Amino acid sequence: MGENRSLSNGQEGNVPKLRFPGFEGEWTKKRLSEVATGFDYGMNAAAIKFDGTNQYIRITDIDDESRCYNQSNPVSPAGILDEKYLVGVNDILFARTGASTGKSYLYKETDGKLYFAGFLIRVTVNAENNSIFVFNTTLTQKYNKWVQLTSMRSGQPGINSQEYASYTDFYPMLNEQNKIAKFLNMFELRISKQRQLIETLKKYKRGLLDKIFPPKKDSLFPTVRLSKMADFLQGLTYSPIDIANSGYLVLRSSNIQNAALSFDDCVYVNMEIPTHLQVKQGDIIMCVRNGSKKLVGKSAKIPCEMPMTTWGAFMMIIRSKIDCSYIYQYLNSQAFYSQVFKDTGTATINQITKGILNECELPLPPKNERDRIATLLDGFDKRIESTYFSLLKMQDLRKSLLQQLFI
């Protein structure tokens with residue numbers, strides 16, 4: 001971040017608000033087709049088990065937040081592999097259809113041998129431009145607004161290769177592109193390390209949870225029904241006319257982020273909420289219904305008193321009769337998930353009902369042991385939470401820099 005101190009305010013005209021000293025002249029407005037070539041559609045092949053070498057990148061393999069290739073569960077393309085579908089250095093992939101239209105990814109050599117799928121478009125940045133600079137233009141508000149406008153169609157949204165080729169932005173000379181790209185790349189590396197730290201902490205905590213809460217048959221402690229230790233409260237369901245600018249904060253699945261509550265995406269209802277459905281400090285909220293199975297079962301503790309309730313169609317209040325922290329930590333364990341999800345099948349909407357929760361069993365060690373477990377695991381949550389909020393600050397700073405470093 002030391003380089004940031006050398007940035008200076010830009011002048012009037014086609015120049016950014018912040019500019020490294022030593023660079024002069026206005027930036028040039030160009031179509032994407034003037035800084036890149038190709039605009040090729042990917043291969044229409046099914047995904048099969050990873051063969052150990054040939055990877056297959058699809059829209060869903062591009063992480064929404066980091067825009068990196070997610071290698072956690074690689075697959076390979078089926079059929080005969082054509083080298084023309086290989087992604088290489090200076091290649092940027094664009095999602096061309098669906099809810100993720102406009103999402104972009106810049107190839108890195110560390111991502112290995114990578115073929116791209118048919119719902120992606122590949123462009124290759126030419127030698128007169130810096131691919132990192134060009135990629136970062138696709139992370140700006142200007143680009144996002146263009147995507148929203150261009151992709152508005154009847155039915156499923158989409159942007160074709162000709163439309164991507166026509167996207168216009170402002171570009172400086174290559175040496176200034178290189179300077180900006182180097183700075184933003186260094187900044188992105190810091191963000192990446194912060195994400196890795198969060199994942200490491202979460203992985204270590206999962207290991208502790210597995211040891212502390214083994215499967216029921218291996219538990220060292222007697223078990224009791226979860227329903228004896230907590231009440232399960234389903235909130236109200238609200239219509240658009242109930243939504244207001246103030247009143248009771250309505251907690252939804254989007255408010256649960258990395259072992260903590262996030263209030264970035266807030267919805268309020270200005271109406272009377274029954275006392276028992278008002279979320280209290282020490283309550284636990286859980287996502288019990290969602291189109292994405294990975295969100296179902298996510299929970300958070302309520303750390304403070306404020307006017308809050310839950311969106312009853314998707315969220316449940318779990319009100320503990322004993323130690324809130326101990327129950328909360330058990331709800332994050334694989335021992336709990338294995339009981340909850342054993343009979344969910346393949347339904348599009350995955351859900352946890354009160355009946356399922358009533359059947360769950362909870363290991364119940366002596367009080368002093370429960371306190372020790374809760375203190376240990378709560379400590380990890382606090383570290384994860386503080387690391388996550390540091391990440392959010394870095395991401396906000398990057399957004400601000402992108403607004404000022406680009407036109």
# chains A, B, ... in the order shown; residues from 1 in each chain; ligands from 1
$ residues_around --residues "region 378-386 of chain A" --least-positions-apart "2" --cutoff "12 Å" --atoms "only C-alpha atoms" --output "short mmCIF file (atom, residue, chain, number, x, y, z; two decimals) with all heavy atoms, in the first residue's frame"
data_model
loop_
_atom_site.label_atom_id
_atom_site.label_comp_id
_atom_site.auth_asym_id
_atom_site.auth_seq_id
_atom_site.Cartn_x
_atom_site.Cartn_y
_atom_site.Cartn_z
N GLN A 194 -5.70 -12.71 3.01
CA GLN A 194 -6.71 -12.55 4.06
C GLN A 194 -7.79 -13.62 3.93
O GLN A 194 -8.23 -14.20 4.93
CB GLN A 194 -7.32 -11.15 3.99
CG GLN A 194 -8.12 -10.74 5.21
CD GLN A 194 -7.23 -10.38 6.39
OE1 GLN A 194 -6.01 -10.42 6.31
NE2 GLN A 194 -7.85 -10.04 7.52
N ARG A 195 -8.21 -13.90 2.70
CA ARG A 195 -9.20 -14.98 2.47
C ARG A 195 -8.63 -16.32 2.89
O ARG A 195 -9.32 -17.14 3.50
CB ARG A 195 -9.59 -15.02 1.00
CG ARG A 195 -10.44 -13.86 0.50
CD ARG A 195 -11.04 -14.20 -0.84
NE ARG A 195 -11.75 -13.07 -1.44
CZ ARG A 195 -11.25 -12.30 -2.37
NH1 ARG A 195 -10.03 -12.53 -2.84
NH2 ARG A 195 -11.94 -11.29 -2.85
N GLN A 196 -7.37 -16.56 2.56
CA GLN A 196 -6.74 -17.82 2.92
C GLN A 196 -6.67 -17.99 4.43
O GLN A 196 -6.86 -19.10 4.95
CB GLN A 196 -5.34 -17.90 2.31
CG GLN A 196 -5.32 -18.03 0.80
CD GLN A 196 -3.93 -17.90 0.21
OE1 GLN A 196 -2.93 -17.91 0.94
NE2 GLN A 196 -3.85 -17.75 -1.10
N LEU A 197 -6.38 -16.89 5.15
CA LEU A 197 -6.34 -16.95 6.61
C LEU A 197 -7.70 -17.33 7.17
O LEU A 197 -7.80 -18.15 8.09
CB LEU A 197 -5.88 -15.61 7.17
CG LEU A 197 -5.86 -15.48 8.70
CD1 LEU A 197 -4.98 -16.55 9.33
CD2 LEU A 197 -5.39 -14.08 9.12
N ILE A 198 -8.77 -16.74 6.62
CA ILE A 198 -10.12 -17.07 7.07
C ILE A 198 -10.41 -18.54 6.85
O ILE A 198 -10.92 -19.24 7.74
CB ILE A 198 -11.16 -16.20 6.34
CG1 ILE A 198 -11.03 -14.74 6.77
CG2 ILE A 198 -12.59 -16.70 6.62
CD1 ILE A 198 -11.87 -13.79 5.95
N GLU A 199 -10.06 -19.06 5.67
CA GLU A 199 -10.31 -20.48 5.37
C GLU A 199 -9.50 -21.39 6.27
O GLU A 199 -9.97 -22.45 6.68
CB GLU A 199 -10.00 -20.77 3.89
CG GLU A 199 -11.00 -20.14 2.93
CD GLU A 199 -12.43 -20.52 3.25
OE1 GLU A 199 -12.70 -21.74 3.44
OE2 GLU A 199 -13.30 -19.62 3.33
N THR A 200 -8.27 -20.99 6.58
CA THR A 200 -7.42 -21.80 7.49
C THR A 200 -8.03 -21.86 8.88
O THR A 200 -8.09 -22.93 9.51
CB THR A 200 -6.01 -21.20 7.56
OG1 THR A 200 -5.42 -21.23 6.26
CG2 THR A 200 -5.13 -22.00 8.52
N LEU A 201 -8.50 -20.71 9.38
CA LEU A 201 -9.13 -20.68 10.70
C LEU A 201 -10.41 -21.52 10.73
O LEU A 201 -10.66 -22.26 11.69
CB LEU A 201 -9.45 -19.23 11.09
CG LEU A 201 -8.26 -18.33 11.41
CD1 LEU A 201 -8.70 -16.87 11.49
CD2 LEU A 201 -7.60 -18.76 12.72
N LYS A 202 -11.20 -21.42 9.68
CA LYS A 202 -12.45 -22.19 9.60
C LYS A 202 -12.16 -23.69 9.52
O LYS A 202 -12.85 -24.50 10.14
CB LYS A 202 -13.28 -21.73 8.41
CG LYS A 202 -13.88 -20.34 8.59
CD LYS A 202 -14.39 -19.75 7.30
CE LYS A 202 -15.62 -20.41 6.79
NZ LYS A 202 -16.17 -19.71 5.60
N LYS A 203 -11.13 -24.05 8.77
CA LYS A 203 -10.76 -25.46 8.64
C LYS A 203 -10.29 -26.02 9.98
O LYS A 203 -10.65 -27.14 10.37
CB LYS A 203 -9.66 -25.60 7.60
CG LYS A 203 -9.23 -27.04 7.35
CD LYS A 203 -8.15 -27.11 6.27
CE LYS A 203 -7.71 -28.56 6.04
NZ LYS A 203 -6.66 -28.62 4.97
N TYR A 204 -9.48 -25.23 10.70
CA TYR A 204 -8.99 -25.69 12.00
C TYR A 204 -10.15 -25.83 12.99
O TYR A 204 -10.20 -26.80 13.76
CB TYR A 204 -7.97 -24.69 12.54
CG TYR A 204 -7.16 -25.23 13.71
CD1 TYR A 204 -6.09 -26.08 13.50
CD2 TYR A 204 -7.50 -24.88 15.01
CE1 TYR A 204 -5.37 -26.58 14.56
CE2 TYR A 204 -6.78 -25.38 16.09
CZ TYR A 204 -5.71 -26.22 15.85
OH TYR A 204 -5.00 -26.72 16.92
N LYS A 205 -11.09 -24.88 12.93
CA LYS A 205 -12.24 -24.98 13.82
C LYS A 205 -13.08 -26.20 13.50
O LYS A 205 -13.58 -26.89 14.40
CB LYS A 205 -13.10 -23.71 13.74
CG LYS A 205 -14.22 -23.74 14.78
CD LYS A 205 -15.29 -22.70 14.54
CE LYS A 205 -16.48 -22.97 15.47
NZ LYS A 205 -17.61 -22.07 15.22
N ARG A 206 -13.27 -26.50 12.20
CA ARG A 206 -14.03 -27.70 11.82
C ARG A 206 -13.38 -28.96 12.39
O ARG A 206 -14.06 -29.89 12.82
CB ARG A 206 -14.14 -27.79 10.30
CG ARG A 206 -15.14 -26.83 9.70
CD ARG A 206 -15.48 -27.19 8.26
NE ARG A 206 -14.31 -27.11 7.38
CZ ARG A 206 -13.97 -26.03 6.70
NH1 ARG A 206 -14.70 -24.92 6.80
NH2 ARG A 206 -12.92 -26.04 5.90
N GLY A 207 -12.03 -28.97 12.38
CA GLY A 207 -11.33 -30.12 12.96
C GLY A 207 -11.60 -30.26 14.44
O GLY A 207 -11.81 -31.37 14.94
N LEU A 208 -11.63 -29.14 15.16
CA LEU A 208 -11.94 -29.18 16.59
C LEU A 208 -13.38 -29.64 16.82
O LEU A 208 -13.65 -30.44 17.72
CB LEU A 208 -11.74 -27.80 17.20
CG LEU A 208 -10.30 -27.34 17.45
CD1 LEU A 208 -10.27 -25.91 17.94
CD2 LEU A 208 -9.62 -28.26 18.47
N LEU A 209 -14.30 -29.13 16.01
CA LEU A 209 -15.70 -29.53 16.15
C LEU A 209 -15.87 -31.03 15.96
O LEU A 209 -16.64 -31.68 16.69
CB LEU A 209 -16.57 -28.78 15.13
CG LEU A 209 -16.89 -27.31 15.44
CD1 LEU A 209 -17.51 -26.64 14.23
CD2 LEU A 209 -17.84 -27.21 16.63
N ILE A 256 -26.13 -13.71 7.60
CA ILE A 256 -25.21 -14.62 8.29
C ILE A 256 -23.94 -14.73 7.47
O ILE A 256 -23.94 -15.25 6.36
CB ILE A 256 -25.84 -16.01 8.50
CG1 ILE A 256 -27.13 -15.89 9.30
CG2 ILE A 256 -24.86 -16.95 9.20
CD1 ILE A 256 -27.86 -17.22 9.48
N GLN A 257 -22.84 -14.20 8.00
CA GLN A 257 -21.57 -14.18 7.28
C GLN A 257 -20.42 -14.57 8.20
O GLN A 257 -20.14 -13.88 9.17
CB GLN A 257 -21.29 -12.76 6.73
CG GLN A 257 -22.33 -12.24 5.76
CD GLN A 257 -22.20 -12.88 4.39
OE1 GLN A 257 -21.17 -13.46 4.06
NE2 GLN A 257 -23.24 -12.77 3.58
N ASN A 258 -19.78 -15.70 7.90
CA ASN A 258 -18.54 -16.10 8.59
C ASN A 258 -18.63 -15.97 10.12
O ASN A 258 -17.92 -15.18 10.73
CB ASN A 258 -17.37 -15.27 8.07
CG ASN A 258 -16.93 -15.70 6.69
OD1 ASN A 258 -16.38 -16.79 6.52
ND2 ASN A 258 -17.22 -14.89 5.70
N ALA A 259 -19.50 -16.78 10.68
CA ALA A 259 -19.63 -16.88 12.14
C ALA A 259 -20.08 -15.57 12.78
O ALA A 259 -19.85 -15.34 13.97
CB ALA A 259 -18.31 -17.34 12.78
N ALA A 260 -20.72 -14.70 12.02
CA ALA A 260 -21.15 -13.43 12.58
C ALA A 260 -22.35 -12.91 11.81
O ALA A 260 -22.71 -13.43 10.75
CB ALA A 260 -20.02 -12.40 12.52
N LEU A 261 -22.98 -11.88 12.39
CA LEU A 261 -24.07 -11.21 11.71
C LEU A 261 -23.53 -10.04 10.89
O LEU A 261 -22.68 -9.28 11.36
CB LEU A 261 -25.08 -10.67 12.72
CG LEU A 261 -26.09 -11.67 13.29
CD1 LEU A 261 -26.98 -10.96 14.30
CD2 LEU A 261 -26.94 -12.30 12.21
N SER A 262 -24.01 -9.91 9.67
CA SER A 262 -23.66 -8.78 8.83
C SER A 262 -24.94 -7.98 8.57
O SER A 262 -25.99 -8.55 8.29
CB SER A 262 -23.07 -9.26 7.50
OG SER A 262 -22.97 -8.21 6.58
N ALA A 300 -26.22 -18.10 13.42
CA ALA A 300 -25.46 -17.03 14.05
C ALA A 300 -26.07 -16.72 15.40
O ALA A 300 -27.28 -16.85 15.59
CB ALA A 300 -25.45 -15.78 13.18
N LYS A 301 -25.21 -16.32 16.35
CA LYS A 301 -25.69 -15.88 17.66
C LYS A 301 -26.02 -14.39 17.60
O LYS A 301 -25.38 -13.63 16.90
CB LYS A 301 -24.61 -16.10 18.72
CG LYS A 301 -24.46 -17.52 19.19
CD LYS A 301 -23.54 -17.60 20.39
CE LYS A 301 -22.15 -17.09 20.07
NZ LYS A 301 -21.21 -17.25 21.21
N PRO A 303 -25.69 -10.99 19.20
CA PRO A 303 -24.76 -10.46 20.20
C PRO A 303 -25.29 -9.28 21.01
O PRO A 303 -24.66 -8.88 21.99
CB PRO A 303 -23.58 -10.00 19.32
CG PRO A 303 -24.23 -9.58 18.03
CD PRO A 303 -25.42 -10.49 17.84
N CYS A 324 -26.24 -20.89 25.68
CA CYS A 324 -26.44 -20.52 24.28
C CYS A 324 -25.20 -20.87 23.44
O CYS A 324 -25.32 -21.43 22.35
CB CYS A 324 -26.74 -19.03 24.18
SG CYS A 324 -26.64 -18.35 22.52
N SER A 325 -24.01 -20.52 23.93
CA SER A 325 -22.79 -20.73 23.15
C SER A 325 -22.54 -22.21 22.88
O SER A 325 -22.10 -22.59 21.78
CB SER A 325 -21.58 -20.12 23.87
OG SER A 325 -21.65 -18.71 23.83
N TYR A 326 -22.80 -23.05 23.86
CA TYR A 326 -22.56 -24.49 23.67
C TYR A 326 -23.49 -25.05 22.60
O TYR A 326 -23.07 -25.78 21.70
CB TYR A 326 -22.77 -25.23 25.00
CG TYR A 326 -22.61 -26.73 24.86
CD1 TYR A 326 -21.35 -27.30 24.77
CD2 TYR A 326 -23.72 -27.57 24.78
CE1 TYR A 326 -21.20 -28.68 24.61
CE2 TYR A 326 -23.58 -28.93 24.63
CZ TYR A 326 -22.32 -29.48 24.54
OH TYR A 326 -22.18 -30.84 24.37
N ILE A 327 -24.78 -24.70 22.68
CA ILE A 327 -25.73 -25.18 21.68
C ILE A 327 -25.37 -24.63 20.29
O ILE A 327 -25.41 -25.36 19.29
CB ILE A 327 -27.17 -24.79 22.06
CG1 ILE A 327 -27.63 -25.64 23.24
CG2 ILE A 327 -28.12 -24.95 20.87
CD1 ILE A 327 -29.07 -25.41 23.65
N TYR A 328 -25.00 -23.35 20.25
CA TYR A 328 -24.62 -22.75 18.96
C TYR A 328 -23.46 -23.51 18.33
O TYR A 328 -23.47 -23.80 17.13
CB TYR A 328 -24.26 -21.29 19.16
CG TYR A 328 -23.60 -20.67 17.95
CD1 TYR A 328 -24.34 -20.38 16.80
CD2 TYR A 328 -22.23 -20.40 17.94
CE1 TYR A 328 -23.74 -19.84 15.68
CE2 TYR A 328 -21.62 -19.86 16.82
CZ TYR A 328 -22.38 -19.57 15.70
OH TYR A 328 -21.77 -19.05 14.59
N GLN A 329 -22.46 -23.84 19.11
CA GLN A 329 -21.29 -24.54 18.56
C GLN A 329 -21.68 -25.95 18.09
O GLN A 329 -21.20 -26.41 17.05
CB GLN A 329 -20.17 -24.61 19.59
CG GLN A 329 -19.60 -23.25 19.98
CD GLN A 329 -19.01 -22.48 18.81
OE1 GLN A 329 -18.76 -23.04 17.75
NE2 GLN A 329 -18.80 -21.18 19.01
N TYR A 330 -22.57 -26.60 18.81
CA TYR A 330 -23.02 -27.92 18.36
C TYR A 330 -23.76 -27.81 17.03
O TYR A 330 -23.61 -28.67 16.15
CB TYR A 330 -23.94 -28.56 19.41
CG TYR A 330 -24.52 -29.88 18.93
CD1 TYR A 330 -23.70 -31.00 18.79
CD2 TYR A 330 -25.86 -29.98 18.56
CE1 TYR A 330 -24.22 -32.20 18.30
CE2 TYR A 330 -26.38 -31.17 18.09
CZ TYR A 330 -25.56 -32.27 17.96
OH TYR A 330 -26.06 -33.45 17.46
N ASN A 332 -23.08 -26.07 14.66
CA ASN A 332 -22.11 -25.90 13.58
C ASN A 332 -21.32 -27.17 13.30
O ASN A 332 -20.45 -27.17 12.41
CB ASN A 332 -21.13 -24.77 13.94
CG ASN A 332 -21.72 -23.40 13.72
OD1 ASN A 332 -21.71 -22.88 12.62
ND2 ASN A 332 -22.26 -22.82 14.79
N ARG A 370 -19.02 -27.98 29.35
CA ARG A 370 -19.72 -27.19 28.31
C ARG A 370 -19.14 -25.79 28.23
O ARG A 370 -18.95 -25.24 27.14
CB ARG A 370 -21.22 -27.11 28.61
CG ARG A 370 -21.94 -28.45 28.59
CD ARG A 370 -23.43 -28.29 28.42
NE ARG A 370 -24.08 -27.50 29.45
CZ ARG A 370 -24.59 -27.98 30.58
NH1 ARG A 370 -24.52 -29.29 30.84
NH2 ARG A 370 -25.20 -27.19 31.45
N ASP A 371 -18.84 -25.19 29.39
CA ASP A 371 -18.26 -23.85 29.42
C ASP A 371 -16.90 -23.82 28.75
O ASP A 371 -16.58 -22.88 28.01
CB ASP A 371 -18.15 -23.34 30.85
CG ASP A 371 -19.51 -23.05 31.48
OD1 ASP A 371 -20.49 -22.93 30.71
OD2 ASP A 371 -19.58 -22.96 32.72
N ARG A 372 -16.08 -24.83 29.01
CA ARG A 372 -14.74 -24.89 28.40
C ARG A 372 -14.84 -25.02 26.88
O ARG A 372 -14.11 -24.36 26.14
CB ARG A 372 -13.95 -26.06 28.98
CG ARG A 372 -13.49 -25.88 30.42
CD ARG A 372 -12.82 -27.14 30.93
NE ARG A 372 -11.73 -27.56 30.07
CZ ARG A 372 -11.22 -28.80 30.05
NH1 ARG A 372 -11.75 -29.73 30.82
NH2 ARG A 372 -10.21 -29.08 29.26
N ILE A 373 -15.75 -25.86 26.43
CA ILE A 373 -15.93 -26.05 24.98
C ILE A 373 -16.38 -24.76 24.32
O ILE A 373 -15.85 -24.34 23.29
CB ILE A 373 -16.95 -27.18 24.73
CG1 ILE A 373 -16.36 -28.53 25.12
CG2 ILE A 373 -17.40 -27.18 23.26
CD1 ILE A 373 -17.36 -29.67 25.12
N ALA A 374 -17.36 -24.11 24.94
CA ALA A 374 -17.90 -22.87 24.37
C ALA A 374 -16.84 -21.77 24.32
O ALA A 374 -16.72 -21.05 23.33
CB ALA A 374 -19.12 -22.41 25.17
N THR A 375 -16.06 -21.65 25.39
CA THR A 375 -15.02 -20.61 25.43
C THR A 375 -13.98 -20.83 24.35
O THR A 375 -13.56 -19.88 23.65
CB THR A 375 -14.35 -20.59 26.82
OG1 THR A 375 -15.33 -20.30 27.82
CG2 THR A 375 -13.25 -19.54 26.87
N LEU A 376 -13.54 -22.07 24.18
CA LEU A 376 -12.54 -22.38 23.16
C LEU A 376 -13.05 -22.05 21.75
O LEU A 376 -12.38 -21.35 20.98
CB LEU A 376 -12.17 -23.86 23.24
CG LEU A 376 -11.27 -24.41 22.11
CD1 LEU A 376 -9.90 -23.75 22.17
CD2 LEU A 376 -11.15 -25.93 22.20
N TYR A 388 -12.53 -11.51 9.04
CA TYR A 388 -13.50 -11.29 7.97
C TYR A 388 -13.81 -9.81 7.81
O TYR A 388 -13.85 -9.29 6.68
CB TYR A 388 -14.78 -12.08 8.27
CG TYR A 388 -15.91 -11.79 7.31
CD1 TYR A 388 -15.83 -12.19 5.97
CD2 TYR A 388 -17.05 -11.12 7.72
CE1 TYR A 388 -16.87 -11.93 5.08
CE2 TYR A 388 -18.09 -10.85 6.84
CZ TYR A 388 -17.99 -11.26 5.53
OH TYR A 388 -19.01 -10.99 4.66
N PHE A 389 -14.00 -9.09 8.91
CA PHE A 389 -14.31 -7.67 8.80
C PHE A 389 -13.10 -6.87 8.28
O PHE A 389 -13.27 -5.86 7.61
CB PHE A 389 -14.82 -7.12 10.13
CG PHE A 389 -16.23 -7.53 10.45
CD1 PHE A 389 -16.55 -8.14 11.66
CD2 PHE A 389 -17.23 -7.35 9.52
CE1 PHE A 389 -17.86 -8.54 11.93
CE2 PHE A 389 -18.54 -7.74 9.78
CZ PHE A 389 -18.85 -8.34 10.99
N SER A 390 -11.89 -7.35 8.58
CA SER A 390 -10.70 -6.73 7.98
C SER A 390 -10.71 -6.94 6.47
O SER A 390 -10.33 -6.04 5.70
CB SER A 390 -9.42 -7.33 8.58
OG SER A 390 -9.31 -7.01 9.95
N LEU A 391 -11.14 -8.12 6.04
CA LEU A 391 -11.26 -8.41 4.61
C LEU A 391 -12.27 -7.46 3.96
O LEU A 391 -12.02 -6.93 2.87
CB LEU A 391 -11.68 -9.86 4.40
CG LEU A 391 -12.05 -10.28 2.97
CD1 LEU A 391 -10.85 -10.13 2.04
CD2 LEU A 391 -12.58 -11.71 2.94
N LEU A 392 -13.40 -7.24 4.62
CA LEU A 392 -14.42 -6.35 4.07
C LEU A 392 -13.87 -4.94 3.89
O LEU A 392 -14.17 -4.26 2.90
CB LEU A 392 -15.65 -6.32 4.97
CG LEU A 392 -16.49 -7.60 5.05
CD1 LEU A 392 -17.69 -7.38 5.96
CD2 LEU A 392 -16.95 -8.05 3.67
N LYS A 393 -13.06 -4.48 4.85
CA LYS A 393 -12.47 -3.15 4.74
C LYS A 393 -11.52 -3.07 3.55
O LYS A 393 -11.49 -2.07 2.82
CB LYS A 393 -11.73 -2.79 6.04
CG LYS A 393 -12.64 -2.55 7.23
CD LYS A 393 -11.85 -2.22 8.48
CE LYS A 393 -12.77 -1.99 9.68
NZ LYS A 393 -11.99 -1.72 10.92
#
$ select_by_dssp --residues "region 236-267 of chain A" --states "helix (DSSP H, G or I)" --output "ChimeraX atom specification"
/A:240-242,253-255
$ write_last_selection --atoms "N, CA and C atoms" --output "short mmCIF file (atom, residue, chain, number, x, y, z; two decimals), in the first residue's frame"
data_model
loop_
_atom_site.label_atom_id
_atom_site.label_comp_id
_atom_site.auth_asym_id
_atom_site.auth_seq_id
_atom_site.Cartn_x
_atom_site.Cartn_y
_atom_site.Cartn_z
N PRO A 240 -44.22 -7.48 0.10
CA PRO A 240 -43.53 -6.23 -0.26
C PRO A 240 -44.14 -4.99 0.39
N ILE A 241 -45.43 -5.00 0.64
CA ILE A 241 -46.05 -3.80 1.23
C ILE A 241 -45.68 -3.64 2.70
N ASP A 242 -45.14 -4.70 3.33
CA ASP A 242 -44.72 -4.61 4.73
C ASP A 242 -43.34 -3.97 4.89
N SER A 253 -31.06 -15.00 5.46
CA SER A 253 -29.84 -15.81 5.31
C SER A 253 -28.65 -14.96 4.90
N SER A 254 -28.88 -13.87 4.15
CA SER A 254 -27.78 -13.01 3.72
C SER A 254 -27.13 -12.26 4.87
N ASN A 255 -27.79 -12.23 6.03
CA ASN A 255 -27.21 -11.56 7.19
C ASN A 255 -26.27 -12.44 7.99
#
$ atom_distance --atom1 "CA of Asn14 (chain A)" --atom2 "CA of Gln404 (chain A)"
12.4 Å
$ residues_around --residues "region 174-187 of chain A" --least-positions-apart "4" --cutoff "9 Å" --atoms "only C-alpha atoms" --output "ChimeraX atom specification"
/A:1,3-4,19-20,23,128-134,136,191-192,394,398,401-402,405
$ residues_around --residues "Lys293 (chain A)" --least-positions-apart "3" --cutoff "7 Å" --atoms "only C-alpha atoms" --output "PDB file with N, CA and C atoms, in the first residue's frame"
ATOM      1  N   ASN A 290     -33.861 -22.654   1.789  1.00  0.00           N
ATOM      2  CA  ASN A 290     -33.215 -21.839   0.776  1.00  0.00           C
ATOM      3  C   ASN A 290     -33.015 -22.668  -0.478  1.00  0.00           C
ATOM      4  N   VAL A 296     -28.476 -23.643   3.894  1.00  0.00           N
ATOM      5  CA  VAL A 296     -29.382 -24.226   4.882  1.00  0.00           C
ATOM      6  C   VAL A 296     -28.572 -24.786   6.051  1.00  0.00           C
ATOM      7  N   ASN A 350     -34.245 -26.856  -0.219  1.00  0.00           N
ATOM      8  CA  ASN A 350     -33.800 -27.657   0.910  1.00  0.00           C
ATOM      9  C   ASN A 350     -34.263 -26.982   2.192  1.00  0.00           C
TER      10      ASN A 350
END
$ atom_distance --atom1 "CA of Asp264 (chain A)" --atom2 "CA of Asn245 (chain A)"
14.0 Å
$ residues_around --residues "region 318-321 of chain A" --least-positions-apart "6" --cutoff "10 Å" --atoms "only C-alpha atoms" --output "MDAnalysis selection string"
chainID A and resid 226:234 276 279:286 299 301 327:328 357
$ closest_residue --among "A:Val125, A:Leu362, A:Leu18, A:Ala47" --to "Glu34 (chain A)" --atoms "only C-alpha atoms"
A:Val125
$ closest_residue --among "A:Ile59, A:Leu93, A:Val87, A:Ile356" --to "Arg225 (chain A)" --atoms "only C-alpha atoms"
A:Ile356
$ residues_around --residues "Gln351 (chain A)" --least-positions-apart "5" --cutoff "9 Å" --atoms "only C-alpha atoms" --output "number ranges by chain"
A: 287-291, 293, 296-297, 314, 341, 344
$ closest_residue --among "A:Thr150, A:Glu188, A:Glu24, A:Tyr167" --to "Arg67 (chain A)" --atoms "only C-alpha atoms"
A:Glu188
$ atom_distance --atom1 "CA of Thr223 (chain A)" --atom2 "CA of Leu277 (chain A)"
28.3 Å
$ closest_residue --among "A:Ile212, A:Met173, A:Ile352, A:Val269" --to "Val35 (chain A)" --atoms "only C-alpha atoms"
A:Met173
$ select_by_dssp --residues "region 190-406 of chain A" --states "strand (DSSP E or B)" --output "ChimeraX atom specification"
/A:223-225,230-234,243-244,248-251,256-257,260-261,268-269,284-287,289-290,299-301,308-310,315-320,350-351,361-363
$ residues_around --residues "Lys142 (chain A)" --least-positions-apart "2" --cutoff "10 Å" --atoms "only C-alpha atoms" --output "number ranges by chain"
A: 137-140, 144-147, 169, 403, 406-407
